[in-house]
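Undergrad: So here's query13.cif (mmCIF, C-alpha atoms).
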```cif
data_coords
loop_
_atom_site.label_atom_id
_atom_site.label_comp_id
_atom_site.auth_asym_id
_atom_site.auth_seq_id
_atom_site.Cartn_x
_atom_site.Cartn_y
_atom_site.Cartn_z
CA MET A 1 -15.48 33.86 -7.19
CA ALA A 2 -15.39 31.03 -9.72
CA ASP A 3 -17.65 28.01 -9.24
CA ILE A 4 -16.10 24.99 -7.61
CA LYS A 5 -15.30 22.13 -9.98
CA VAL A 6 -16.67 18.89 -8.52
CA GLY A 7 -16.50 15.40 -9.96
CA VAL A 8 -16.49 11.77 -8.88
CA ARG A 9 -14.03 8.91 -8.66
CA LEU A 10 -15.88 6.79 -11.19
CA ILE A 11 -15.17 3.35 -9.73
CA CYS A 12 -16.98 4.35 -6.51
CA LEU A 13 -20.31 4.42 -8.35
CA HIS A 14 -20.11 0.63 -8.86
CA THR A 15 -21.59 1.15 -12.34
CA PRO A 16 -19.30 -0.24 -15.05
CA GLY A 17 -19.23 0.56 -18.73
CA PRO A 18 -20.82 3.56 -20.47
CA ALA A 19 -23.58 3.59 -17.85
CA GLY A 20 -21.02 4.64 -15.24
CA LEU A 21 -20.10 7.76 -17.15
CA GLU A 22 -23.76 8.51 -17.82
CA THR A 23 -24.53 8.15 -14.12
CA ALA A 24 -21.68 10.50 -13.21
CA ALA A 25 -23.06 13.14 -15.56
CA GLU A 26 -26.63 12.59 -14.35
CA ILE A 27 -25.73 13.26 -10.71
CA GLY A 28 -24.06 16.53 -11.65
CA SER A 29 -20.36 15.73 -12.06
CA ASP A 30 -18.09 18.16 -13.83
CA SER A 31 -15.41 15.50 -14.11
CA VAL A 32 -14.45 11.88 -13.55
CA GLN A 33 -11.34 10.31 -12.09
CA LEU A 34 -10.66 7.01 -13.86
CA THR A 35 -8.99 4.01 -12.22
CA VAL A 36 -6.25 2.77 -14.54
CA GLY A 37 -4.33 0.41 -12.25
CA HIS A 38 -6.88 -2.32 -13.02
CA GLY A 39 -10.30 -2.74 -14.58
CA GLU A 40 -11.93 -1.40 -17.71
CA TYR A 41 -9.78 1.74 -18.07
CA ALA A 42 -6.42 -0.01 -17.55
CA PRO A 43 -3.97 0.17 -20.49
CA GLU A 44 -4.32 -3.54 -21.24
CA GLU A 45 -8.08 -3.04 -21.70
CA LEU A 46 -7.97 0.06 -23.93
CA ASN A 47 -6.30 0.28 -27.33
CA ALA A 48 -5.95 3.60 -29.18
CA THR A 49 -9.48 3.35 -30.53
CA GLY A 50 -10.87 2.58 -27.08
CA ILE A 51 -9.08 5.58 -25.60
CA LYS A 52 -10.59 7.89 -28.23
CA GLU A 53 -14.04 6.44 -27.56
CA VAL A 54 -13.72 7.09 -23.81
CA GLN A 55 -12.52 10.64 -24.43
CA GLN A 56 -15.40 11.33 -26.80
CA ARG A 57 -17.97 9.83 -24.43
CA VAL A 58 -16.73 11.95 -21.53
CA GLN A 59 -16.73 15.07 -23.69
CA ASP A 60 -20.22 14.40 -25.07
CA LEU A 61 -21.50 14.15 -21.49
CA GLY A 62 -20.06 17.59 -20.68
CA MET A 63 -17.30 16.35 -18.40
CA VAL A 64 -13.52 16.05 -18.38
CA ILE A 65 -11.13 13.43 -16.99
CA SER A 66 -9.67 15.28 -14.02
CA ALA A 67 -7.05 12.62 -13.16
CA THR A 68 -6.49 8.89 -13.02
CA ASP A 69 -5.61 6.66 -10.05
CA GLY A 70 -3.41 3.63 -9.92
CA GLY A 71 -3.47 1.85 -6.54
CA LEU A 72 0.26 1.32 -6.93
CA GLY A 73 1.24 0.02 -3.50
CA ASP A 74 4.34 0.49 -1.35
CA PHE A 75 7.17 2.49 -2.91
CA GLY A 76 9.24 2.00 0.23
CA ASP A 77 9.75 -1.72 -0.43
CA ALA A 78 13.28 -1.93 -1.82
CA GLU A 79 12.70 -5.40 -3.30
CA THR A 80 9.73 -4.40 -5.48
CA VAL A 81 10.20 -0.67 -6.03
CA ALA A 82 11.96 -0.89 -9.43
CA GLU A 83 9.10 -2.86 -10.95
CA ARG A 84 6.59 -0.51 -9.30
CA VAL A 85 8.34 2.55 -10.74
CA ASP A 86 8.33 1.07 -14.24
CA HIS A 87 4.62 0.26 -13.95
CA THR A 88 3.91 3.79 -12.77
CA LYS A 89 5.70 5.25 -15.78
CA ARG A 90 3.51 3.14 -18.08
CA LEU A 91 0.38 4.37 -16.29
CA ILE A 92 1.54 7.97 -16.59
CA ASP A 93 1.89 7.48 -20.34
CA HIS A 94 -1.57 5.90 -20.45
CA THR A 95 -3.00 8.80 -18.44
CA ARG A 96 -1.47 11.23 -20.91
CA ALA A 97 -3.10 9.34 -23.79
CA LEU A 98 -6.46 9.65 -22.02
CA GLY A 99 -5.98 13.41 -21.84
CA ALA A 100 -5.77 13.74 -18.06
CA PRO A 101 -2.99 15.80 -16.42
CA ALA A 102 -2.07 13.53 -13.51
CA LEU A 103 -1.92 9.99 -12.21
CA THR A 104 -2.56 9.70 -8.46
CA SER A 105 -1.96 6.94 -5.93
CA HIS A 106 -1.20 6.07 -2.34
CA ILE A 107 2.50 5.27 -2.12
CA GLY A 108 2.85 3.50 1.25
CA ILE A 109 3.74 4.84 4.69
CA VAL A 110 6.53 7.41 4.42
CA PRO A 111 8.77 7.39 7.54
CA LYS A 112 8.85 10.59 9.58
CA ASP A 113 12.61 10.24 9.97
CA ALA A 114 14.22 11.85 6.93
CA ASN A 115 17.34 9.72 7.45
CA ALA A 116 15.56 6.36 7.57
CA PRO A 117 16.75 3.94 4.84
CA ARG A 118 13.15 3.33 3.77
CA ARG A 119 12.69 7.10 3.34
CA GLN A 120 15.56 7.11 0.84
CA VAL A 121 13.82 4.39 -1.17
CA PHE A 122 10.72 6.58 -1.37
CA ARG A 123 12.75 9.62 -2.38
CA GLU A 124 14.58 7.84 -5.20
CA ALA A 125 11.35 6.28 -6.49
CA MET A 126 9.47 9.57 -6.52
CA GLU A 127 12.37 11.32 -8.20
CA ALA A 128 12.47 8.71 -10.98
CA ILE A 129 8.71 8.97 -11.47
CA GLY A 130 8.84 12.75 -11.32
CA ARG A 131 11.53 12.97 -13.97
CA HIS A 132 9.48 10.76 -16.30
CA ALA A 133 6.34 12.80 -15.65
CA GLU A 134 8.22 16.03 -16.28
CA GLN A 135 9.57 14.77 -19.61
CA THR A 136 6.03 13.98 -20.78
CA GLY A 137 4.33 17.11 -19.43
CA MET A 138 2.51 15.16 -16.74
CA TYR A 139 2.22 15.00 -12.93
CA PHE A 140 2.13 12.28 -10.31
CA GLY A 141 -0.06 13.06 -7.28
CA ILE A 142 0.73 11.39 -3.95
CA GLU A 143 -2.52 10.75 -2.10
CA THR A 144 -2.41 11.94 1.49
CA GLY A 145 -2.91 9.31 4.14
CA PRO A 146 -0.71 7.66 6.76
CA GLU A 147 1.79 10.45 7.32
CA PRO A 148 1.34 14.08 8.42
CA ALA A 149 1.27 16.74 5.71
CA SER A 150 4.62 18.06 6.94
CA VAL A 151 6.27 14.70 6.15
CA LEU A 152 4.95 14.74 2.58
CA LEU A 153 6.07 18.34 2.19
CA ASP A 154 9.56 17.41 3.35
CA LEU A 155 9.65 14.47 0.93
CA ILE A 156 8.56 16.62 -2.03
CA ASN A 157 11.08 19.32 -1.13
CA SER A 158 13.85 16.71 -1.21
CA ILE A 159 13.09 15.73 -4.81
CA ASP A 160 14.68 17.47 -7.78
CA THR A 161 11.54 17.78 -9.93
CA ASP A 162 8.34 19.84 -9.86
CA SER A 163 6.19 17.02 -11.24
CA ILE A 164 5.49 15.25 -7.94
CA LYS A 165 2.30 16.76 -6.54
CA ILE A 166 -0.43 16.01 -3.98
CA ASN A 167 -3.90 14.50 -4.25
CA LEU A 168 -5.30 15.75 -0.95
CA ASP A 169 -7.85 13.54 0.79
CA PRO A 170 -8.92 15.13 4.10
CA ALA A 171 -10.62 12.02 5.47
CA ASN A 172 -7.39 10.05 5.30
CA PHE A 173 -5.90 12.37 7.94
CA ILE A 174 -8.62 10.98 10.25
CA ILE A 175 -8.78 7.36 9.12
CA TRP A 176 -5.08 6.55 9.02
CA PRO A 177 -4.00 7.78 12.47
CA ALA A 178 -6.79 5.65 13.95
CA ARG A 179 -5.66 2.60 11.94
CA ILE A 180 -2.05 3.08 12.99
CA ALA A 181 -3.03 3.45 16.64
CA GLU A 182 -4.97 0.19 16.40
CA ILE A 183 -2.04 -1.60 14.73
CA GLU A 184 0.32 -0.34 17.43
CA GLY A 185 -2.07 -1.40 20.19
CA ARG A 186 -2.63 2.04 21.68
CA PRO A 187 -5.78 4.12 22.13
CA TYR A 188 -6.70 6.69 19.51
CA ASP A 189 -6.52 10.25 20.79
CA ARG A 190 -8.38 12.72 18.57
CA ALA A 191 -6.68 15.83 19.93
CA GLU A 192 -3.25 14.29 19.55
CA ALA A 193 -4.03 13.02 16.05
CA PHE A 194 -5.38 16.39 14.88
CA ALA A 195 -2.41 18.21 16.39
CA GLU A 196 -0.16 16.22 14.06
CA SER A 197 -2.47 15.65 11.06
CA ASP A 198 -5.22 18.27 10.94
CA PRO A 199 -6.98 17.89 7.57
CA HIS A 200 -7.88 21.58 7.47
CA ASP A 201 -4.35 22.84 8.08
CA ALA A 202 -2.96 20.36 5.54
CA VAL A 203 -4.31 22.48 2.68
CA TYR A 204 -2.12 25.40 3.74
CA THR A 205 0.90 23.18 4.41
CA LEU A 206 0.75 21.57 0.97
CA ARG A 207 -0.74 24.51 -0.90
CA GLU A 208 1.97 24.84 -3.56
CA HIS A 209 1.79 21.17 -4.49
CA ILE A 210 -1.94 20.27 -4.56
CA ILE A 211 -3.04 19.24 -8.06
CA HIS A 212 -6.25 17.31 -7.29
CA THR A 213 -8.39 16.55 -4.25
CA HIS A 214 -10.78 13.95 -2.91
CA ILE A 215 -13.95 15.02 -1.15
CA LYS A 216 -14.40 12.44 1.61
CA ASP A 217 -15.48 12.52 5.25
CA ALA A 218 -14.70 10.37 8.28
CA ARG A 219 -14.94 10.07 12.05
CA VAL A 220 -13.65 7.81 14.80
CA LYS A 221 -16.03 6.76 17.55
CA GLU A 222 -16.37 3.70 19.70
CA GLY A 223 -18.07 0.98 17.67
CA GLU A 224 -17.59 2.78 14.36
CA LYS A 225 -14.49 3.96 12.62
CA GLY A 226 -13.76 5.38 9.24
CA GLU A 227 -15.52 6.85 6.28
CA THR A 228 -18.94 8.52 6.48
CA PRO A 229 -21.16 10.28 3.96
CA VAL A 230 -19.90 13.80 3.28
CA GLY A 231 -21.16 16.15 5.99
CA GLN A 232 -21.56 13.45 8.65
CA GLY A 233 -17.97 13.18 9.81
CA TRP A 234 -15.35 15.39 11.45
CA ILE A 235 -14.41 17.55 8.48
CA ASP A 236 -15.50 21.16 9.02
CA TRP A 237 -16.52 21.68 5.40
CA PRO A 238 -16.94 25.48 5.42
CA ARG A 239 -13.48 25.82 7.00
CA TYR A 240 -11.97 23.18 4.73
CA LEU A 241 -13.36 24.57 1.46
CA LYS A 242 -12.54 28.14 2.49
CA SER A 243 -8.90 27.10 2.66
CA TYR A 244 -8.98 26.35 -1.07
CA GLN A 245 -10.36 29.79 -1.76
CA ASP A 246 -7.59 31.23 0.40
CA ILE A 247 -4.82 29.50 -1.56
CA GLY A 248 -6.41 30.17 -4.95
CA PHE A 249 -6.85 26.51 -5.92
CA THR A 250 -8.85 26.15 -9.14
CA GLY A 251 -8.47 22.43 -9.79
CA TYR A 252 -10.94 19.57 -9.45
CA HIS A 253 -12.45 18.21 -6.25
CA CYS A 254 -13.43 14.57 -6.66
CA ILE A 255 -16.08 12.85 -4.53
CA GLU A 256 -14.76 9.51 -3.26
CA ARG A 257 -17.13 7.14 -1.44
CA GLU A 258 -15.53 3.79 -0.70
CA ALA A 259 -18.16 2.48 1.72
CA GLY A 260 -21.94 2.44 2.01
CA GLU A 261 -24.78 0.69 0.24
CA ASN A 262 -26.27 3.69 -1.59
CA ARG A 263 -23.26 5.31 -3.15
CA VAL A 264 -24.88 6.91 -6.18
CA GLU A 265 -27.34 8.91 -4.09
CA GLU A 266 -24.75 9.71 -1.43
CA MET A 267 -22.37 11.01 -4.09
CA ARG A 268 -25.18 13.00 -5.70
CA GLU A 269 -25.92 14.55 -2.31
CA ALA A 270 -22.23 15.20 -1.72
CA ILE A 271 -21.90 17.13 -4.99
CA ALA A 272 -24.88 19.31 -4.08
CA PHE A 273 -23.61 19.75 -0.50
CA VAL A 274 -20.15 20.89 -1.58
CA ARG A 275 -21.52 23.31 -4.15
CA ARG A 276 -23.91 24.79 -1.59
CA ILE A 277 -21.16 25.29 1.00
CA TRP A 278 -18.91 26.87 -1.65
CA GLN A 279 -21.57 29.38 -2.66
CA GLU A 280 -22.31 30.26 0.96
CA LEU A 281 -18.65 31.16 1.41
CA ASP A 282 -18.87 33.81 -1.31
#
```
Now that the file is in, can you turn its structure into structure tokens?
TA:
Amino acid sequence: MADIKVGVRLICLHTPGPAGLETAAEIGSDSVQLTVGHGEYAPEELNATGIKEVQQRVQDLGMVISATDGGLGDFGDAETVAERVDHTKRLIDHTRALGAPALTSHIGIVPKDANAPRRQVFREAMEAIGRHAEQTGMYFGIETGPEPASVLLDLINSIDTDSIKINLDPANFIIWPARIAEIEGRPYDRAEAFAESDPHDAVYTLREHIIHTHIKDARVKEGEKGETPVGQGWIDWPRYLKSYQDIGFTGYHCIEREAGENRVEEMREAIAFVRRIWQELD
């Protein structure tokens, strides 16, 4: 069995500049996911020379750029979607220049009803983005979140391109149902939420379309809700990682830690934890 490829979403280290890349390498990362929607790796901040310098720095540290992320907002908003699609195309081109295979992002809450007008807006937007990605040899990865895996699968199957993929984040299948329950003013029911959005089953549901993943954990308890350090939430990591062995996934798993006061050490521990679990599955 091949070793698991584990990296970090660089912005989560809260260490800008070359020191961020050096920190990622020091804690054991095979790869980095760069945020290009804003900040130091955005296209307006990097000219051709800057892009080459970033590529060389990553290579010299023994890593690769596994993907980029854009934070692109709601593709179901008919009034803003055209501008959002154009911006996404520019970021895909920038991602290609950086040498990464895919741009990833949340895209908004996709309606469960396939006939909903808002669902059609999503479909047309993803198809336009997918066609552009396909023409440039790239991919766009939808990050899992508010909707069940089956809804994303249905959306992807309705699009006439193979360049729309999935960035699978298991914790979001825990975090988002709890957020939605709170917004709707109803109690969160773990059994009900997992029946519809089980993070472990999602890997099998979306297996043909997963291009990149986030390693993140979460739980929902009274008085605390949301992300936890990896291994302290509700993800059954042996079961979850075994699913990737089962489907033959050989891409990159990216540690994402968006909360906490000691992220560097927690991400270091997460890398070691995931590698240990993976080896124990062999």
Undergrad: Just the number, please: distance in Å from CA of Met63 (chain A) to CA of His94 (chain A), one decimal.
TA: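 We find that CA of Met63 (chain A) and CA of His94 (chain A) lie 19.0 Å from each other.
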Undergrad: On this file, the PyMOL selection byres ((chain A and resi 233) around 9) gives some set of residues; write that set as a ChimeraX atom specification.
TA: /A:171,216-220,226-232,234-236
Undergrad: Hey, can you check how far CA of Ser158 (chain A) sits from CA of Gly108 (chain A)?
TA: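 Answer for the CA of Ser158 (chain A) to CA of Gly108 (chain A) separation: 17.4 Å.
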Undergrad: Which is closer to His214 (chain A) than all the others in A:Glu134, A:Asp3, A:Glu258, A:Glu124, using only C-alpha atoms?
TA: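 Of A:Glu134, A:Asp3, A:Glu258, A:Glu124, the one nearest His214 (chain A), counting only C-alpha atoms, is A:Glu258.
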Undergrad: Quote the spacing between CA of Lys165 (chain A) and CA of Ile65 (chain A) in Å to one decimal place.
TA: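 Between these atoms lies a distance of 17.3 Å.
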Undergrad: With 6 Å on each side, where is the centre of the axis-aligned box around all listed atoms of region 142-149 of chain A, and how long are its edges in Å to one decimal, as AutoDock Vina command-line options?
TA:
```
--center_x -0.6 --center_y 12.2 --center_z 2.2 --size_x 16.7 --size_y 21.1 --size_z 24.4
```
Undergrad: Could you give me, as a PyMOL selection string, the residues within 9 Å of Pro18 (chain A), counting all atoms listed in the file and dropping anything in the same chain fewer than 3 positions from it?
TA: chain A and resi 15+21-23+54+57
Undergrad: Using only C-alpha atoms, which residue out of A:Asn167, A:Ser150, A:Gln135, A:Ser197 lies closest to Asp93 (chain A)?
TA: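 Among A:Asn167, A:Ser150, A:Gln135, A:Ser197, it is A:Gln135 that comes nearest to Asp93 (chain A).
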Undergrad: Where does the PyMOL selection byres ((chain A and resi 242-256) around 7) land in this file, that is, which residues does it pick, as an MDAnalysis selection string?
TA: chainID A and resid 5:9 12 66 203 207 211:216 238:241 257:258 267 281
Undergrad: Just so the selection is clear, what residues does the PyMOL selection byres ((chain A and resi 64) around 10) cover here, as a PyMOL selection string?
TA: chain A and resi 7+29-33+55-63+65-67+99-100+252
Undergrad: Could you pull the residues within 12 Å of Asp198 (chain A), counting only C-alpha atoms, minus those fewer than 4 positions along the same chain, as a list in words?
TA: Thr144, Gly145, Glu147, Pro148, Ala149, Ser150, Asp169, Pro170, Ala171, Asn172, Phe173, Ile174, Ile175, Trp176, Pro177, Arg190, Ala191, Glu192, Ala193, Phe194, Ala202, Val203, Tyr204, Thr205, Trp234, Ile235, Asp236, Arg239 and Tyr240 of chain A
Undergrad: With C-alpha atoms retained, write the just-selected residues as a PDB file, in the frame of the given file.
TA:
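To be explicit, this is the file written out as result_8.pdb:
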```
ATOM      1  CA  THR A 144      -2.410  11.940   1.490  1.00  0.00           C
ATOM      2  CA  GLY A 145      -2.910   9.310   4.140  1.00  0.00           C
ATOM      3  CA  GLU A 147       1.790  10.450   7.320  1.00  0.00           C
ATOM      4  CA  PRO A 148       1.340  14.080   8.420  1.00  0.00           C
ATOM      5  CA  ALA A 149       1.270  16.740   5.710  1.00  0.00           C
ATOM      6  CA  SER A 150       4.620  18.060   6.940  1.00  0.00           C
ATOM      7  CA  ASP A 169      -7.850  13.540   0.790  1.00  0.00           C
ATOM      8  CA  PRO A 170      -8.920  15.130   4.100  1.00  0.00           C
ATOM      9  CA  ALA A 171     -10.620  12.020   5.470  1.00  0.00           C
ATOM     10  CA  ASN A 172      -7.390  10.050   5.300  1.00  0.00           C
ATOM     11  CA  PHE A 173      -5.900  12.370   7.940  1.00  0.00           C
ATOM     12  CA  ILE A 174      -8.620  10.980  10.250  1.00  0.00           C
ATOM     13  CA  ILE A 175      -8.780   7.360   9.120  1.00  0.00           C
ATOM     14  CA  TRP A 176      -5.080   6.550   9.020  1.00  0.00           C
ATOM     15  CA  PRO A 177      -4.000   7.780  12.470  1.00  0.00           C
ATOM     16  CA  ARG A 190      -8.380  12.720  18.570  1.00  0.00           C
ATOM     17  CA  ALA A 191      -6.680  15.830  19.930  1.00  0.00           C
ATOM     18  CA  GLU A 192      -3.250  14.290  19.550  1.00  0.00           C
ATOM     19  CA  ALA A 193      -4.030  13.020  16.050  1.00  0.00           C
ATOM     20  CA  PHE A 194      -5.380  16.390  14.880  1.00  0.00           C
ATOM     21  CA  ALA A 202      -2.960  20.360   5.540  1.00  0.00           C
ATOM     22  CA  VAL A 203      -4.310  22.480   2.680  1.00  0.00           C
ATOM     23  CA  TYR A 204      -2.120  25.400   3.740  1.00  0.00           C
ATOM     24  CA  THR A 205       0.900  23.180   4.410  1.00  0.00           C
ATOM     25  CA  TRP A 234     -15.350  15.390  11.450  1.00  0.00           C
ATOM     26  CA  ILE A 235     -14.410  17.550   8.480  1.00  0.00           C
ATOM     27  CA  ASP A 236     -15.500  21.160   9.020  1.00  0.00           C
ATOM     28  CA  ARG A 239     -13.480  25.820   7.000  1.00  0.00           C
ATOM     29  CA  TYR A 240     -11.970  23.180   4.730  1.00  0.00           C
TER      30      TYR A 240
END
```
Undergrad: Excluding region 113-123 of chain A and any residue of its chain fewer than 5 positions from it, enumerate the residues within 8 Å of it, using only C-alpha atoms, and give them as number ranges by chain.
TA: A: 75-78, 81, 155, 158-159
Undergrad: Counting all atoms listed in the file, which residue out of A:Ile27, A:Met126, A:Leu168, A:Val264 sits closest to Asp86 (chain A)?
TA: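 Of the candidates, the smallest distance to Asp86 (chain A) is held by A:Met126.
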Undergrad: Because some atoms of region 60-75 of chain A are absent here, can you restore N, CA, C and O atoms and send them as a compact mmCIF listing (two decimals), in the coordinates of the input?
TA:
```txt
# COMPACT_ATOMS: atom_id res chain seq x y z
N ASP A 60 -18.81 14.28 -24.67
CA ASP A 60 -20.22 14.40 -25.07
C ASP A 60 -21.14 14.57 -23.86
O ASP A 60 -22.22 15.16 -23.98
N LEU A 61 -20.70 14.03 -22.72
CA LEU A 61 -21.50 14.15 -21.49
C LEU A 61 -21.20 15.44 -20.73
O LEU A 61 -21.73 15.65 -19.64
N GLY A 62 -20.36 16.29 -21.30
CA GLY A 62 -20.06 17.59 -20.68
C GLY A 62 -19.09 17.53 -19.52
O GLY A 62 -19.10 18.42 -18.67
N MET A 63 -18.24 16.50 -19.50
CA MET A 63 -17.30 16.35 -18.40
C MET A 63 -15.87 16.31 -18.95
O MET A 63 -15.65 16.33 -20.15
N VAL A 64 -14.91 16.27 -18.03
CA VAL A 64 -13.52 16.05 -18.38
C VAL A 64 -12.97 14.95 -17.48
O VAL A 64 -13.58 14.60 -16.46
N ILE A 65 -11.83 14.38 -17.86
CA ILE A 65 -11.13 13.43 -16.99
C ILE A 65 -10.17 14.25 -16.15
O ILE A 65 -9.18 14.78 -16.66
N SER A 66 -10.46 14.39 -14.88
CA SER A 66 -9.67 15.28 -14.02
C SER A 66 -8.33 14.67 -13.64
O SER A 66 -7.35 15.39 -13.43
N ALA A 67 -8.26 13.35 -13.53
CA ALA A 67 -7.05 12.62 -13.16
C ALA A 67 -7.34 11.14 -13.31
O ALA A 67 -8.48 10.73 -13.56
N THR A 68 -6.31 10.33 -13.13
CA THR A 68 -6.49 8.89 -13.02
C THR A 68 -5.93 8.45 -11.67
O THR A 68 -5.25 9.21 -10.99
N ASP A 69 -6.22 7.21 -11.27
CA ASP A 69 -5.61 6.66 -10.05
C ASP A 69 -5.13 5.25 -10.33
O ASP A 69 -5.69 4.54 -11.16
N GLY A 70 -4.06 4.87 -9.59
CA GLY A 70 -3.41 3.63 -9.92
C GLY A 70 -3.40 2.54 -8.87
O GLY A 70 -3.22 1.38 -9.20
N GLY A 71 -3.57 2.88 -7.57
CA GLY A 71 -3.47 1.85 -6.54
C GLY A 71 -2.14 1.12 -6.62
O GLY A 71 -2.10 -0.11 -6.72
N LEU A 72 -1.04 1.85 -6.54
CA LEU A 72 0.26 1.32 -6.93
C LEU A 72 1.06 0.68 -5.81
O LEU A 72 2.13 0.12 -6.05
N GLY A 73 0.58 0.75 -4.57
CA GLY A 73 1.24 0.02 -3.50
C GLY A 73 2.38 0.74 -2.84
O GLY A 73 2.47 1.97 -2.87
N ASP A 74 3.31 -0.02 -2.26
CA ASP A 74 4.34 0.49 -1.35
C ASP A 74 5.64 0.80 -2.09
O ASP A 74 6.38 -0.11 -2.47
N PHE A 75 5.94 2.08 -2.26
CA PHE A 75 7.17 2.49 -2.91
C PHE A 75 8.36 2.53 -1.94
O PHE A 75 9.45 2.96 -2.32
```
